$ cat data13.cif   # mmCIF, C-alpha atoms
data_coords
#
loop_
_atom_site.group_PDB
_atom_site.id
_atom_site.type_symbol
_atom_site.label_atom_id
_atom_site.label_comp_id
_atom_site.auth_asym_id
_atom_site.auth_seq_id
_atom_site.Cartn_x
_atom_site.Cartn_y
_atom_site.Cartn_z
ATOM 1 C CA MET A 1 73.026 155.022 55.069
ATOM 2 C CA ASP A 2 70.751 157.023 57.335
ATOM 3 C CA ARG A 3 67.867 155.278 59.121
ATOM 4 C CA ILE A 4 65.120 156.954 57.071
ATOM 5 C CA SER A 5 66.642 155.750 53.778
ATOM 6 C CA PHE A 6 67.018 152.253 55.204
ATOM 7 C CA GLU A 7 63.400 152.276 56.426
ATOM 8 C CA LYS A 8 62.314 153.157 52.887
ATOM 9 C CA LEU A 9 64.140 150.084 51.567
ATOM 10 C CA VAL A 10 62.317 147.884 54.069
ATOM 11 C CA SER A 11 58.967 149.494 53.160
ATOM 12 C CA ARG A 12 59.691 148.984 49.474
ATOM 13 C CA ALA A 13 60.470 145.301 50.067
ATOM 14 C CA LEU A 14 57.151 144.881 51.883
ATOM 15 C CA ARG A 15 55.208 146.687 49.124
ATOM 16 C CA ARG A 16 56.731 144.351 46.524
ATOM 17 C CA LEU A 17 55.368 141.217 48.167
ATOM 18 C CA PRO A 18 52.986 139.248 45.980
ATOM 19 C CA ARG A 19 49.388 140.144 46.864
ATOM 20 C CA GLU A 20 48.505 136.612 47.976
ATOM 21 C CA PHE A 21 51.205 136.785 50.670
ATOM 22 C CA ALA A 22 50.688 140.414 51.669
ATOM 23 C CA ALA A 23 46.967 139.726 52.180
ATOM 24 C CA LYS A 24 47.810 137.076 54.784
ATOM 25 C CA LEU A 25 49.957 139.367 56.919
ATOM 26 C CA GLU A 26 48.174 140.331 60.083
ATOM 27 C CA ASN A 27 49.214 141.168 63.614
ATOM 28 C CA ILE A 28 52.859 141.536 62.621
ATOM 29 C CA SER A 29 55.289 144.382 63.151
ATOM 30 C CA VAL A 30 58.431 144.938 61.095
ATOM 31 C CA GLN A 31 61.053 146.922 62.973
ATOM 32 C CA ILE A 32 64.585 148.081 62.304
ATOM 33 C CA GLU A 33 67.367 147.919 64.842
ATOM 34 C CA ASP A 34 71.008 148.875 64.506
ATOM 35 C CA ALA A 35 72.447 145.405 65.232
ATOM 36 C CA PRO A 36 71.662 142.288 67.253
ATOM 37 C CA SER A 37 72.804 142.431 70.856
ATOM 38 C CA PRO A 38 75.515 140.077 72.082
ATOM 39 C CA GLU A 39 72.805 138.395 74.172
ATOM 40 C CA THR A 40 70.646 137.807 71.079
ATOM 41 C CA LEU A 41 73.608 136.301 69.230
ATOM 42 C CA ARG A 42 74.336 133.995 72.204
ATOM 43 C CA GLU A 43 70.681 132.928 72.405
ATOM 44 C CA MET A 44 70.734 132.121 68.685
ATOM 45 C CA GLY A 45 73.959 130.111 69.091
ATOM 46 C CA ILE A 46 75.920 132.481 66.867
ATOM 47 C CA ASN A 47 79.523 132.504 68.072
ATOM 48 C CA SER A 48 81.023 134.152 65.023
ATOM 49 C CA GLY A 49 79.303 136.199 62.372
ATOM 50 C CA THR A 50 76.104 138.078 62.853
ATOM 51 C CA LEU A 51 72.408 138.142 62.167
ATOM 52 C CA LEU A 52 70.712 140.163 59.410
ATOM 53 C CA GLY A 53 67.147 139.686 60.603
ATOM 54 C CA GLN A 54 65.065 137.806 63.127
ATOM 55 C CA TYR A 55 61.469 136.603 63.450
ATOM 56 C CA HIS A 56 59.786 136.552 66.862
ATOM 57 C CA GLY A 57 56.370 134.971 67.063
ATOM 58 C CA VAL A 58 54.167 132.007 66.376
ATOM 59 C CA PRO A 59 54.220 130.907 62.713
ATOM 60 C CA LEU A 60 50.851 130.673 60.972
ATOM 61 C CA THR A 61 51.265 126.904 60.674
ATOM 62 C CA GLU A 62 51.461 126.542 64.478
ATOM 63 C CA ARG A 63 48.463 128.650 65.401
ATOM 64 C CA GLY A 64 45.550 126.677 66.720
ATOM 65 C CA TRP A 65 41.915 127.486 67.266
ATOM 66 C CA GLY A 66 42.699 129.224 70.567
ATOM 67 C CA TYR A 67 45.285 131.556 69.121
ATOM 68 C CA GLY A 68 44.271 135.165 69.576
ATOM 69 C CA ASN A 69 44.442 138.234 71.745
ATOM 70 C CA VAL A 70 48.251 138.248 71.546
ATOM 71 C CA LEU A 71 50.862 140.885 70.899
ATOM 72 C CA PRO A 72 51.956 141.197 67.262
ATOM 73 C CA ASP A 73 54.618 138.913 65.888
ATOM 74 C CA ARG A 74 57.773 140.876 65.266
ATOM 75 C CA ILE A 75 60.351 140.889 62.507
ATOM 76 C CA VAL A 76 63.557 142.767 63.214
ATOM 77 C CA ILE A 77 65.808 143.865 60.361
ATOM 78 C CA TYR A 78 69.342 144.698 61.490
ATOM 79 C CA GLN A 79 70.680 147.683 59.570
ATOM 80 C CA ARG A 80 74.409 147.698 60.355
ATOM 81 C CA PRO A 81 75.114 144.018 59.546
ATOM 82 C CA ILE A 82 73.266 144.382 56.243
ATOM 83 C CA GLU A 83 75.238 147.483 55.335
ATOM 84 C CA GLU A 84 78.506 145.816 56.334
ATOM 85 C CA SER A 85 77.752 142.765 54.180
ATOM 86 C CA ALA A 86 76.928 144.852 51.093
ATOM 87 C CA SER A 87 79.299 146.231 48.493
ATOM 88 C CA SER A 88 77.026 148.974 47.098
ATOM 89 C CA PRO A 89 73.730 150.768 47.739
ATOM 90 C CA GLU A 90 72.097 148.416 45.210
ATOM 91 C CA ASP A 91 73.459 145.451 47.144
ATOM 92 C CA ILE A 92 71.996 146.869 50.371
ATOM 93 C CA GLU A 93 68.581 147.114 48.709
ATOM 94 C CA LYS A 94 68.838 143.556 47.364
ATOM 95 C CA THR A 95 69.919 142.199 50.747
ATOM 96 C CA VAL A 96 67.124 144.034 52.572
ATOM 97 C CA ALA A 97 64.560 142.496 50.204
ATOM 98 C CA GLU A 98 66.033 139.016 50.702
ATOM 99 C CA VAL A 99 66.109 139.354 54.503
ATOM 100 C CA VAL A 100 62.532 140.656 54.655
ATOM 101 C CA ILE A 101 61.318 137.734 52.532
ATOM 102 C CA HIS A 102 63.364 135.230 54.558
ATOM 103 C CA GLU A 103 61.934 136.455 57.868
ATOM 104 C CA LEU A 104 58.401 136.499 56.470
ATOM 105 C CA GLY A 105 59.039 132.901 55.435
ATOM 106 C CA HIS A 106 59.350 132.069 59.135
ATOM 107 C CA TYR A 107 56.021 133.821 59.764
ATOM 108 C CA PHE A 108 54.481 131.527 57.135
ATOM 109 C CA GLY A 109 55.958 128.458 58.836
ATOM 110 C CA PHE A 110 59.152 127.700 56.922
ATOM 111 C CA ASP A 111 62.263 126.783 58.900
ATOM 112 C CA ASP A 112 65.785 127.900 57.989
ATOM 113 C CA ASP A 113 66.575 124.684 56.086
ATOM 114 C CA ASP A 114 63.453 125.118 53.929
ATOM 115 C CA LEU A 115 64.237 128.770 53.280
ATOM 116 C CA TYR A 116 67.910 128.174 52.433
ATOM 117 C CA ARG A 117 66.874 125.430 49.990
ATOM 118 C CA ILE A 118 64.280 127.719 48.332
ATOM 119 C CA GLU A 119 66.800 130.576 48.140
ATOM 120 C CA ALA A 120 69.476 128.284 46.620
ATOM 121 C CA ASN A 121 67.009 127.014 44.003
ATOM 122 C CA LYS A 122 66.066 130.591 43.136
ATOM 123 C CA ARG A 123 69.736 131.536 42.661
ATOM 124 C CA ARG A 124 70.322 128.476 40.440
ATOM 125 C CA LYS A 125 67.327 129.325 38.266
ATOM 126 C CA LYS A 126 68.446 132.930 38.001
ATOM 127 C CA ARG A 127 71.929 131.877 36.827
ATOM 128 C CA ARG A 128 70.400 129.727 34.069
ATOM 129 C CA THR A 129 68.505 132.662 32.566
#

$ encode --input "data13.cif" --output "structure tokens"
Amino acid sequence: MDRISFEKLVSRALRRLPREFAAKLENISVQIEDAPSPETLREMGINSGTLLGQYHGVPLTERGWGYGNVLPDRIVIYQRPIEESASSPEDIEKTVAEVVIHELGHYFGFDDDDLYRIEANKRRKKRRT
């Protein structure tokens, strides 16, 4: 998939956020990169596998009264690993939406364990319907 088409998927995922969450997004940049660098993977402790997205910043829950005058938090969505993990264009779109929401979860203060538990519960509920 070309970069412009992928960027549109990321934009669509952001536009589909519930209003109450979208309204709380401020001083954050969502960027797309081809893939995580080997250094990034090492820093994250990933020895095998890859990374689909990454949040860089200070979660809302950790910001104190003195927080301000800082560079934007940054979410990076990694295009190639998402494409390689998907089996169809529809699967790419679904994965992009999931990764965007997961990384925004970190912005809102959730850790990976919380997010994986929420995502697993969502999948279970979806299977029941």

$ residues_near_point --input "data13.cif" --point "(65.3, 155.6, 56.4)" --cutoff "12 Å" --atoms "all atoms listed in the file" --output "PDB file with C-alpha atoms, in the coordinates of the input"
ATOM      1  CA  MET A   1      73.026 155.022  55.069  1.00  0.00           C
ATOM      2  CA  ASP A   2      70.751 157.023  57.335  1.00  0.00           C
ATOM      3  CA  ARG A   3      67.867 155.278  59.121  1.00  0.00           C
ATOM      4  CA  ILE A   4      65.120 156.954  57.071  1.00  0.00           C
ATOM      5  CA  SER A   5      66.642 155.750  53.778  1.00  0.00           C
ATOM      6  CA  PHE A   6      67.018 152.253  55.204  1.00  0.00           C
ATOM      7  CA  GLU A   7      63.400 152.276  56.426  1.00  0.00           C
ATOM      8  CA  LYS A   8      62.314 153.157  52.887  1.00  0.00           C
ATOM      9  CA  LEU A   9      64.140 150.084  51.567  1.00  0.00           C
ATOM     10  CA  VAL A  10      62.317 147.884  54.069  1.00  0.00           C
ATOM     11  CA  SER A  11      58.967 149.494  53.160  1.00  0.00           C
ATOM     12  CA  ARG A  12      59.691 148.984  49.474  1.00  0.00           C
ATOM     13  CA  GLN A  31      61.053 146.922  62.973  1.00  0.00           C
ATOM     14  CA  ILE A  32      64.585 148.081  62.304  1.00  0.00           C
ATOM     15  CA  GLU A  33      67.367 147.919  64.842  1.00  0.00           C
ATOM     16  CA  ASP A  34      71.008 148.875  64.506  1.00  0.00           C
ATOM     17  CA  GLN A  79      70.680 147.683  59.570  1.00  0.00           C
ATOM     18  CA  GLU A  93      68.581 147.114  48.709  1.00  0.00           C
TER      19      GLU A  93
END

$ residues_around --input "data13.cif" --residues "stretch 47-54 of chain A" --least-positions-apart "6" --cutoff "7 Å" --atoms "only C-alpha atoms" --output "PyMOL selection string"
chain A and resi 36+75-78+81-82+99+103

$ residues_around --input "data13.cif" --residues "A:His56" --least-positions-apart "5" --cutoff "10 Å" --atoms "all atoms listed in the file" --output "JSON, numbers by chain"
{"A": [28, 29, 72, 73, 74, 75, 76, 103, 106, 107]}

$ atom_distance --input "data13.cif" --atom1 "atom CA of A:Arg128" --atom2 "atom CA of A:Tyr116"
18.6 Å

$ resolve_selection --input "data13.cif" --expression "the PyMOL selection byres ((chain A and resi 70) around 12)" --output "PyMOL selection string"
chain A and resi 26-28+57-58+63+66-69+71-74

$ write_last_selection --input "data13.cif" --atoms "C-alpha atoms" --output "mmCIF file, keeping the file's coordinate frame"
data_model
loop_
_atom_site.group_PDB
_atom_site.id
_atom_site.type_symbol
_atom_site.label_atom_id
_atom_site.label_comp_id
_atom_site.auth_asym_id
_atom_site.auth_seq_id
_atom_site.Cartn_x
_atom_site.Cartn_y
_atom_site.Cartn_z
ATOM 1 C CA GLU A 26 48.174 140.331 60.083
ATOM 2 C CA ASN A 27 49.214 141.168 63.614
ATOM 3 C CA ILE A 28 52.859 141.536 62.621
ATOM 4 C CA GLY A 57 56.370 134.971 67.063
ATOM 5 C CA VAL A 58 54.167 132.007 66.376
ATOM 6 C CA ARG A 63 48.463 128.650 65.401
ATOM 7 C CA GLY A 66 42.699 129.224 70.567
ATOM 8 C CA TYR A 67 45.285 131.556 69.121
ATOM 9 C CA GLY A 68 44.271 135.165 69.576
ATOM 10 C CA ASN A 69 44.442 138.234 71.745
ATOM 11 C CA LEU A 71 50.862 140.885 70.899
ATOM 12 C CA PRO A 72 51.956 141.197 67.262
ATOM 13 C CA ASP A 73 54.618 138.913 65.888
ATOM 14 C CA ARG A 74 57.773 140.876 65.266
#

$ atom_distance --input "data13.cif" --atom1 "atom CA of A:Arg15" --atom2 "atom CA of A:Arg80"
22.3 Å

$ atom_distance --input "data13.cif" --atom1 "atom CA of A:Lys122" --atom2 "atom CA of A:Leu17"
15.9 Å

$ axis_aligned_box --input "data13.cif" --around "stretch 57-70 of chain A" --padding-each-side "6 Å" --output "lines of an AutoDock Vina configuration file"
center_x = 49.1
center_y = 132.4
center_z = 66.2
size_x = 26.5
size_y = 23.7
size_z = 23.1

$ residues_near_point --input "data13.cif" --point "(55.2, 128.7, 61.3)" --cutoff "7 Å" --atoms "only C-alpha atoms" --output "list in words"
Val58, Pro59, Leu60, Thr61, Glu62, His106, Tyr107, Phe108, Gly109 and Phe110 of chain A

$ closest_residue --input "data13.cif" --among "A:Ser87, A:Tyr55, A:Ala23, A:Lys126" --to "A:Leu104" --atoms "all atoms listed in the file"
A:Tyr55

$ build_atoms --input "data13.cif" --residues "stretch 26-54 of chain A" --atoms "N, CA and C atoms" --output "mmCIF file, in the frame of the given file"
data_model
loop_
_atom_site.group_PDB
_atom_site.id
_atom_site.type_symbol
_atom_site.label_atom_id
_atom_site.label_comp_id
_atom_site.auth_asym_id
_atom_site.auth_seq_id
_atom_site.Cartn_x
_atom_site.Cartn_y
_atom_site.Cartn_z
ATOM 1 N N GLU A 26 48.975 139.639 59.088
ATOM 2 C CA GLU A 26 48.174 140.331 60.083
ATOM 3 C C GLU A 26 48.819 140.154 61.450
ATOM 4 N N ASN A 27 48.664 141.159 62.265
ATOM 5 C CA ASN A 27 49.214 141.168 63.614
ATOM 6 C C ASN A 27 50.728 140.922 63.600
ATOM 7 N N ILE A 28 51.411 141.653 62.721
ATOM 8 C CA ILE A 28 52.859 141.536 62.621
ATOM 9 C C ILE A 28 53.471 142.928 62.498
ATOM 10 N N SER A 29 54.580 143.105 63.156
ATOM 11 C CA SER A 29 55.289 144.382 63.151
ATOM 12 C C SER A 29 56.687 144.154 62.581
ATOM 13 N N VAL A 30 57.080 145.005 61.648
ATOM 14 C CA VAL A 30 58.431 144.938 61.095
ATOM 15 C C VAL A 30 59.186 146.145 61.626
ATOM 16 N N GLN A 31 60.281 145.870 62.325
ATOM 17 C CA GLN A 31 61.053 146.922 62.973
ATOM 18 C C GLN A 31 62.503 146.875 62.507
ATOM 19 N N ILE A 32 63.176 147.986 62.675
ATOM 20 C CA ILE A 32 64.585 148.081 62.304
ATOM 21 C C ILE A 32 65.378 148.404 63.557
ATOM 22 N N GLU A 33 66.437 147.650 63.759
ATOM 23 C CA GLU A 33 67.367 147.919 64.842
ATOM 24 C C GLU A 33 68.760 148.039 64.256
ATOM 25 N N ASP A 34 69.644 148.672 64.989
ATOM 26 C CA ASP A 34 71.008 148.875 64.506
ATOM 27 C C ASP A 34 71.725 147.545 64.296
ATOM 28 N N ALA A 35 71.741 146.689 65.312
ATOM 29 C CA ALA A 35 72.447 145.405 65.232
ATOM 30 C C ALA A 35 71.921 144.493 66.337
ATOM 31 N N PRO A 36 72.084 143.192 66.179
ATOM 32 C CA PRO A 36 71.662 142.288 67.253
ATOM 33 C C PRO A 36 72.577 142.464 68.468
ATOM 34 N N SER A 37 72.011 142.320 69.628
ATOM 35 C CA SER A 37 72.804 142.431 70.856
ATOM 36 C C SER A 37 73.658 141.179 71.026
ATOM 37 N N PRO A 38 74.725 141.275 71.790
ATOM 38 C CA PRO A 38 75.515 140.077 72.082
ATOM 39 C C PRO A 38 74.665 138.973 72.716
ATOM 40 N N GLU A 39 73.699 139.374 73.553
ATOM 41 C CA GLU A 39 72.805 138.395 74.172
ATOM 42 C C GLU A 39 71.965 137.675 73.115
ATOM 43 N N THR A 40 71.434 138.416 72.156
ATOM 44 C CA THR A 40 70.646 137.807 71.079
ATOM 45 C C THR A 40 71.493 136.813 70.297
ATOM 46 N N LEU A 41 72.716 137.202 69.967
ATOM 47 C CA LEU A 41 73.608 136.301 69.230
ATOM 48 C C LEU A 41 73.877 135.036 70.035
ATOM 49 N N ARG A 42 74.110 135.171 71.343
ATOM 50 C CA ARG A 42 74.336 133.995 72.204
ATOM 51 C C ARG A 42 73.109 133.097 72.207
ATOM 52 N N GLU A 43 71.929 133.703 72.374
ATOM 53 C CA GLU A 43 70.681 132.928 72.405
ATOM 54 C C GLU A 43 70.464 132.165 71.101
ATOM 55 N N MET A 44 70.896 132.749 69.998
ATOM 56 C CA MET A 44 70.734 132.121 68.685
ATOM 57 C C MET A 44 71.852 131.117 68.397
ATOM 58 N N GLY A 45 72.847 131.032 69.292
ATOM 59 C CA GLY A 45 73.959 130.111 69.091
ATOM 60 C C GLY A 45 74.951 130.598 68.057
ATOM 61 N N ILE A 46 75.010 131.904 67.853
ATOM 62 C CA ILE A 46 75.920 132.481 66.867
ATOM 63 C C ILE A 46 77.177 132.935 67.600
ATOM 64 N N ASN A 47 78.261 132.192 67.400
ATOM 65 C CA ASN A 47 79.523 132.504 68.072
ATOM 66 C C ASN A 47 80.420 133.386 67.226
ATOM 67 N N SER A 48 80.295 133.264 65.932
ATOM 68 C CA SER A 48 81.023 134.152 65.023
ATOM 69 C C SER A 48 80.057 134.544 63.921
ATOM 70 N N GLY A 49 80.243 135.704 63.375
ATOM 71 C CA GLY A 49 79.303 136.199 62.372
ATOM 72 C C GLY A 49 78.231 137.028 63.038
ATOM 73 N N THR A 50 77.171 137.241 62.321
ATOM 74 C CA THR A 50 76.104 138.078 62.853
ATOM 75 C C THR A 50 74.764 137.620 62.315
ATOM 76 N N LEU A 51 73.777 138.422 62.546
ATOM 77 C CA LEU A 51 72.408 138.142 62.167
ATOM 78 C C LEU A 51 71.902 139.337 61.370
ATOM 79 N N LEU A 52 71.235 139.078 60.244
ATOM 80 C CA LEU A 52 70.712 140.163 59.410
ATOM 81 C C LEU A 52 69.264 140.487 59.737
ATOM 82 N N GLY A 53 68.546 139.497 60.250
ATOM 83 C CA GLY A 53 67.147 139.686 60.603
ATOM 84 C C GLY A 53 66.700 138.589 61.542
ATOM 85 N N GLN A 54 65.552 138.799 62.183
ATOM 86 C CA GLN A 54 65.065 137.806 63.127
ATOM 87 C C GLN A 54 63.549 137.887 63.223
#
